Amino acid sequence: MNDTWNPSSEELELLSTPDDIIMERHQVFCFNHDDFIEKVQSGDRWQQLIQAHLYFEHVVAQLLKEALAKPEAISVSRMGFSQRLDLVVAMALLPDELVIPVRKISGLRNKIAHDLTFEIADKDVQDLENCTPIHLRKALLQGEGRGGGRLHLHELLIVILLKADIVRQHLAANREIAKKSELRLRSALKKIPKVKYVL
């Protein structure tokens with residue numbers, strides 16, 4: 001960097017944007033929330049799971065697209081879901097507590113894809129519930145208008161996916177705030193006379 005840095009209009013706009021506004025503008029799902037809820041609530045369990053898995057694939061792809069500095073350098077689109085999820089884990093883009101149930105969902109989806117007679121049993125739903133973070137289960141159980149009883153598959157699929165995308169939103173906002181911090185540093189260094197810094 002040198003003292004001839006002149007911020008662009010986009011950089012000036014970012015510098016003038018409060019962090020809470022940056023956080024707020026990233027609070028948008030990368031899919032149509034209402035369509036997702038409608039699709040995952042209807043049909044048999046296997047249909048709910050297949051529909052939800054399509055959305056999980058989308059969220060994982062978005063996580064990678066947004067986090068990779070040069071996403072075109074690797075063929076993410078040619079990777080299977082498991083490989084993409086491994087890359088997400090390696091880059092720490094999702095917490096382990098979410099990766100575990102996402103892997104469980106992917107495993108069930110693979111069983112459906114490879115066995116036409118496979119049925120999602122109550123035990124499969126119970127296993128998914130058991131590996132779903134307790135704070136997400138509590139949020140479901142305390143939901144407005146929900147009756148008692150065990151959690152349903154579609155409820156678990158919904159809360160896990162929504163939480164995964166909220167994590168994505170938070171990461172995207174943090175990256176923009178970090179960029180703003182770098183711009184503030186460059187702006188401050190520019191005001192120091194006759195000193196050159198390399199960042």
# chains A, B, ... in the order shown; residues from 1 in each chain; ligands from 1
>>> select_by_dssp(residues="region 6-196 of chain A", states="alpha helix (DSSP H)", output="ChimeraX atom specification")
/A:9-15,19-25,33-41,45-67,81-90,96-114,122-131,134-141,153-190
>>> residues_around(residues="region 50-63 of chain A", least_positions_apart="6", cutoff="9 Å", atoms="only C-alpha atoms", output="list in words")
Cys30, Phe31, Phe36, Lys39, Val40, Val76, Ser77, Phe81, Arg84, Leu85, Val88, Leu93, Leu94, Val102, Ile105, Ser106, Arg109, Ile112, His154, Leu157, Ile158, Leu161, Ala164, Asp165, Arg168, Gln169, Leu171 and Ala172 of chain A
>>> residues_around(residues="Pro101 (chain A)", least_positions_apart="4", cutoff="9 Å", atoms="only C-alpha atoms", output="PyMOL selection string")
chain A and resi 97+105-106+128-133+160
>>> write_last_selection(atoms="N, CA and C atoms", output="tab-separated table (two decimals), in the first residue's frame")
chain	number	residue	atom	x	y	z
A	97	GLU	N	-21.69	-28.74	15.55
A	97	GLU	CA	-23.02	-29.13	16.04
A	97	GLU	C	-24.07	-29.12	14.93
A	105	ILE	N	-28.73	-36.26	7.72
A	105	ILE	CA	-29.72	-36.02	6.67
A	105	ILE	C	-29.20	-36.51	5.33
A	106	SER	N	-27.94	-36.23	5.04
A	106	SER	CA	-27.34	-36.67	3.78
A	106	SER	C	-27.30	-38.20	3.71
A	128	LEU	N	-32.05	-38.41	14.29
A	128	LEU	CA	-31.81	-37.05	13.82
A	128	LEU	C	-32.09	-36.05	14.93
A	129	GLU	N	-33.17	-36.28	15.67
A	129	GLU	CA	-33.50	-35.39	16.79
A	129	GLU	C	-32.37	-35.40	17.82
A	130	ASN	N	-31.86	-36.59	18.12
A	130	ASN	CA	-30.82	-36.73	19.15
A	130	ASN	C	-29.52	-36.01	18.78
A	131	CYS	N	-29.23	-35.91	17.46
A	131	CYS	CA	-27.98	-35.23	17.07
A	131	CYS	C	-28.20	-33.77	16.69
A	132	THR	N	-29.43	-33.30	16.80
A	132	THR	CA	-29.74	-31.89	16.55
A	132	THR	C	-29.43	-31.10	17.82
A	133	PRO	N	-28.74	-29.98	17.71
A	133	PRO	CA	-28.39	-29.20	18.91
A	133	PRO	C	-29.60	-28.94	19.79
A	160	ILE	N	-32.87	-27.06	11.21
A	160	ILE	CA	-31.45	-27.26	10.89
A	160	ILE	C	-31.06	-26.42	9.67
>>> atom_distance(atom1="CA of His152 (chain A)", atom2="CA of Asn110 (chain A)")
20.1 Å
>>> closest_residue(among="A:Ser187, A:Val167, A:Val125, A:Arg45", to="Arg150 (chain A)", atoms="only C-alpha atoms")
A:Val125
>>> residues_around(residues="Ala178 (chain A)", least_positions_apart="4", cutoff="12 Å", atoms="only C-alpha atoms", output="PyMOL selection string")
chain A and resi 14-15+19+22-23+171-174+182-185
>>> atom_distance(atom1="CA of Gly107 (chain A)", atom2="CA of Leu156 (chain A)")
15.1 Å
>>> atom_distance(atom1="CA of Asp115 (chain A)", atom2="CA of Arg103 (chain A)")
18.2 Å
